[in-house]
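Participant: My structure file entry_32.pdb, PDB, C-alpha atoms, pLDDT in the B column, is below:
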ATOM      1  CA  MET A   1      99.471 120.867 109.389  1.00 74.00           C
ATOM      2  CA  VAL A   2      99.545 117.080 109.259  1.00 92.00           C
ATOM      3  CA  ASN A   3      98.789 115.226 112.491  1.00 92.00           C
ATOM      4  CA  ALA A   4     101.175 112.468 113.655  1.00 95.00           C
ATOM      5  CA  SER A   5      98.272 110.002 113.705  1.00 94.00           C
ATOM      6  CA  GLN A   6      97.989 110.363 109.898  1.00 96.00           C
ATOM      7  CA  ILE A   7     101.449 108.848 109.366  1.00 97.00           C
ATOM      8  CA  GLN A   8     101.132 105.130 108.675  1.00 97.00           C
ATOM      9  CA  GLU A   9     103.865 102.528 109.092  1.00 96.00           C
ATOM     10  CA  HIS A  10     105.366 101.364 105.792  1.00 96.00           C
ATOM     11  CA  ALA A  11     104.019 104.410 103.908  1.00 98.00           C
ATOM     12  CA  GLU A  12     106.210 105.648 101.079  1.00 97.00           C
ATOM     13  CA  VAL A  13     107.783 109.068 101.684  1.00 98.00           C
ATOM     14  CA  ILE A  14     107.943 111.169  98.526  1.00 98.00           C
ATOM     15  CA  GLY A  15     109.656 114.504  97.944  1.00 98.00           C
ATOM     16  CA  SER A  16     107.891 117.520  96.460  1.00 98.00           C
ATOM     17  CA  ASP A  17     109.556 116.604  93.159  1.00 98.00           C
ATOM     18  CA  GLY A  18     107.799 113.208  93.145  1.00 98.00           C
ATOM     19  CA  ASN A  19     110.958 111.222  93.905  1.00 97.00           C
ATOM     20  CA  HIS A  20     111.247 108.495  96.545  1.00 97.00           C
ATOM     21  CA  VAL A  21     112.806 109.548  99.875  1.00 97.00           C
ATOM     22  CA  GLY A  22     112.219 106.521 102.076  1.00 97.00           C
ATOM     23  CA  THR A  23     109.710 104.298 103.854  1.00 97.00           C
ATOM     24  CA  VAL A  24     108.111 105.054 107.217  1.00 98.00           C
ATOM     25  CA  ASP A  25     109.178 102.738 110.021  1.00 97.00           C
ATOM     26  CA  HIS A  26     107.087 104.543 112.649  1.00 97.00           C
ATOM     27  CA  MET A  27     106.561 107.851 114.426  1.00 97.00           C
ATOM     28  CA  ASP A  28     109.293 108.626 116.940  1.00 96.00           C
ATOM     29  CA  GLY A  29     107.431 110.728 119.485  1.00 94.00           C
ATOM     30  CA  THR A  30     104.957 113.252 118.133  1.00 93.00           C
ATOM     31  CA  ASP A  31     107.154 115.302 115.821  1.00 95.00           C
ATOM     32  CA  ARG A  32     109.651 112.972 114.149  1.00 97.00           C
ATOM     33  CA  ILE A  33     109.269 110.215 111.551  1.00 98.00           C
ATOM     34  CA  LYS A  34     111.698 107.297 111.688  1.00 98.00           C
ATOM     35  CA  LEU A  35     112.437 105.799 108.278  1.00 98.00           C
ATOM     36  CA  THR A  36     113.293 102.135 107.740  1.00 97.00           C
ATOM     37  CA  ARG A  37     116.950 101.216 107.428  1.00 96.00           C
ATOM     38  CA  THR A  38     116.142  98.497 104.878  1.00 95.00           C
ATOM     39  CA  ASP A  39     114.909 100.998 102.282  1.00 91.00           C
ATOM     40  CA  LYS A  40     117.014 101.101  99.111  1.00 87.00           C
ATOM     41  CA  ASP A  41     118.104 104.720  99.816  1.00 83.00           C
ATOM     42  CA  ALA A  42     118.849 104.281 103.541  1.00 91.00           C
ATOM     43  CA  ASN A  43     122.325 102.740 103.298  1.00 90.00           C
ATOM     44  CA  GLY A  44     121.466 100.422 106.182  1.00 93.00           C
ATOM     45  CA  GLU A  45     120.764 103.269 108.628  1.00 95.00           C
ATOM     46  CA  HIS A  46     117.616 104.642 110.210  1.00 96.00           C
ATOM     47  CA  HIS A  47     116.970 108.258 109.227  1.00 97.00           C
ATOM     48  CA  TYR A  48     114.678 110.779 110.890  1.00 98.00           C
ATOM     49  CA  ILE A  49     112.700 113.593 109.334  1.00 98.00           C
ATOM     50  CA  PRO A  50     110.598 116.170 111.177  1.00 97.00           C
ATOM     51  CA  LEU A  51     106.826 116.042 110.851  1.00 97.00           C
ATOM     52  CA  SER A  52     106.966 119.721 109.868  1.00 97.00           C
ATOM     53  CA  TRP A  53     108.362 118.691 106.452  1.00 98.00           C
ATOM     54  CA  VAL A  54     105.171 116.764 105.634  1.00 98.00           C
ATOM     55  CA  SER A  55     102.746 118.590 103.360  1.00 98.00           C
ATOM     56  CA  THR A  56     100.199 115.751 103.050  1.00 97.00           C
ATOM     57  CA  ALA A  57      99.717 112.236 104.370  1.00 97.00           C
ATOM     58  CA  GLU A  58      97.066 110.134 102.682  1.00 94.00           C
ATOM     59  CA  GLY A  59      96.876 106.375 102.950  1.00 90.00           C
ATOM     60  CA  SER A  60     100.201 104.796 102.120  1.00 95.00           C
ATOM     61  CA  GLU A  61     101.822 107.984 100.846  1.00 97.00           C
ATOM     62  CA  VAL A  62     103.546 110.810 102.724  1.00 98.00           C
ATOM     63  CA  LYS A  63     104.460 113.854 100.629  1.00 98.00           C
ATOM     64  CA  LEU A  64     107.074 116.331 101.759  1.00 98.00           C
ATOM     65  CA  SER A  65     107.431 120.061 101.171  1.00 98.00           C
ATOM     66  CA  LYS A  66     111.113 119.444 100.303  1.00 98.00           C
ATOM     67  CA  THR A  67     112.541 117.701  97.259  1.00 98.00           C
ATOM     68  CA  ALA A  68     113.971 114.213  97.740  1.00 97.00           C
ATOM     69  CA  ASN A  69     117.531 115.559  97.449  1.00 97.00           C
ATOM     70  CA  GLU A  70     116.885 118.316  99.997  1.00 98.00           C
ATOM     71  CA  ALA A  71     115.303 115.859 102.441  1.00 97.00           C
ATOM     72  CA  GLN A  72     118.132 113.338 102.120  1.00 96.00           C
ATOM     73  CA  ALA A  73     120.737 116.081 102.542  1.00 96.00           C
ATOM     74  CA  GLU A  74     119.068 117.298 105.751  1.00 97.00           C
ATOM     75  CA  TRP A  75     117.713 114.121 107.406  1.00 96.00           C
ATOM     76  CA  LYS A  76     119.249 112.965 110.664  1.00 95.00           C
ATOM     77  CA  THR A  77     120.716 109.515 111.308  1.00 92.00           C
ATOM     78  CA  SER A  78     120.263 107.461 114.456  1.00 73.00           C
TER      79      SER A  78
END
Could you render the structure as structure tokens?

Facilitator:
Amino acid sequence: MVNASQIQEHAEVIGSDGNHVGTVDHMDGTDRIKLTRTDKDANGEHHYIPLSWVSTAEGSEVKLSKTANEAQAEWKTS
């Protein structure tokens, strides 16, 4: 499992299908990632995804175990 300390601000979040999901704003607590509201896919809102969706986090890239469409259908808004 990925540790919250591995999630870097401004990292790109990518679905398991290789498609863009969002951009990390910061960790919200120890188990939730807050995405920037200025990202092109955010529609001006902050979205939250659980850390449990992350399969890998390396450098400026966070890869999810869900596709981009699945993640965007299930993310939470602020």

Participant: Can you check which parts of segment 30-78 of chain A lie within 6 Å of segment 1-24 of chain A? Per residue, the shortest pair of atoms and distance in Å to one decimal, counting only C-alpha atoms, sorted by chain and number, as CSV.

Facilitator:
residue,atom,partner,partner_atom,distance
A:Thr30,CA,A:Ala4,CA,5.9
A:Leu35,CA,A:Val24,CA,4.5
A:Thr36,CA,A:Thr23,CA,5.7
A:Ser60,CA,A:Ala11,CA,4.2
A:Glu61,CA,A:Glu12,CA,5.0
A:Val62,CA,A:Val13,CA,4.7
A:Lys63,CA,A:Ile14,CA,4.9
A:Leu64,CA,A:Gly15,CA,5.0
A:Ser65,CA,A:Ser16,CA,5.4
A:Lys66,CA,A:Ser16,CA,5.4
A:Thr67,CA,A:Gly15,CA,4.4
A:Ala68,CA,A:Gly15,CA,4.3

Participant: Once the PyMOL selection byres ((chain A and resi 51-53) around 7) has been evaluated on this model, what residues remain selected, and can you format them as an MDAnalysis selection string?

Facilitator: chainID A and resid 31:33 49:50 54:55 64:66

Participant: Residues as selected, C-alpha atoms, written as a CSV table (one decimal), in the coordinates of the input, can you do that?

Facilitator:
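Written output follows (out20.csv):
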chain,number,residue,atom,x,y,z
A,31,ASP,CA,107.2,115.3,115.8
A,32,ARG,CA,109.7,113.0,114.1
A,33,ILE,CA,109.3,110.2,111.6
A,49,ILE,CA,112.7,113.6,109.3
A,50,PRO,CA,110.6,116.2,111.2
A,54,VAL,CA,105.2,116.8,105.6
A,55,SER,CA,102.7,118.6,103.4
A,64,LEU,CA,107.1,116.3,101.8
A,65,SER,CA,107.4,120.1,101.2
A,66,LYS,CA,111.1,119.4,100.3

Participant: At what distance in Å, to one decimal, does atom CA of Gly59 of chain A lie from atom CA of Gln72 of chain A?

Facilitator: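 Atom CA of Gly59 of chain A lies at a distance of 22.4 Å from atom CA of Gln72 of chain A.
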
Participant: For a test of reading the model, state the distance in Å between atom CA of Glu58 of chain A and atom CA of Glu70 of chain A, rounded to one decimal.

Facilitator: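 Interatomic distance, atom CA of Glu58 of chain A to atom CA of Glu70 of chain A: 21.6 Å.
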
Participant: Return as JSON, numbers by chain the set of residues that the PyMOL selection byres ((chain A and resi 34) around 6) yields on the displayed structure.

Facilitator: {"A": [25, 26, 27, 28, 33, 35, 47, 48]}

Participant: Work out how far atom CA of Thr38 of chain A is from atom CA of Ala57 of chain A, in Å to one decimal.

Facilitator: 21.4 Å

Participant: The centre and edge lengths of an axis-aligned box containing all atoms of segment 47-55 of chain A present in the file, extended by 4 Å on each side, are to be given in Å to one decimal, as lines of an AutoDock Vina configuration file.

Facilitator:
center_x = 109.9
center_y = 114.0
center_z = 107.3
size_x = 22.2
size_y = 19.5
size_z = 15.8
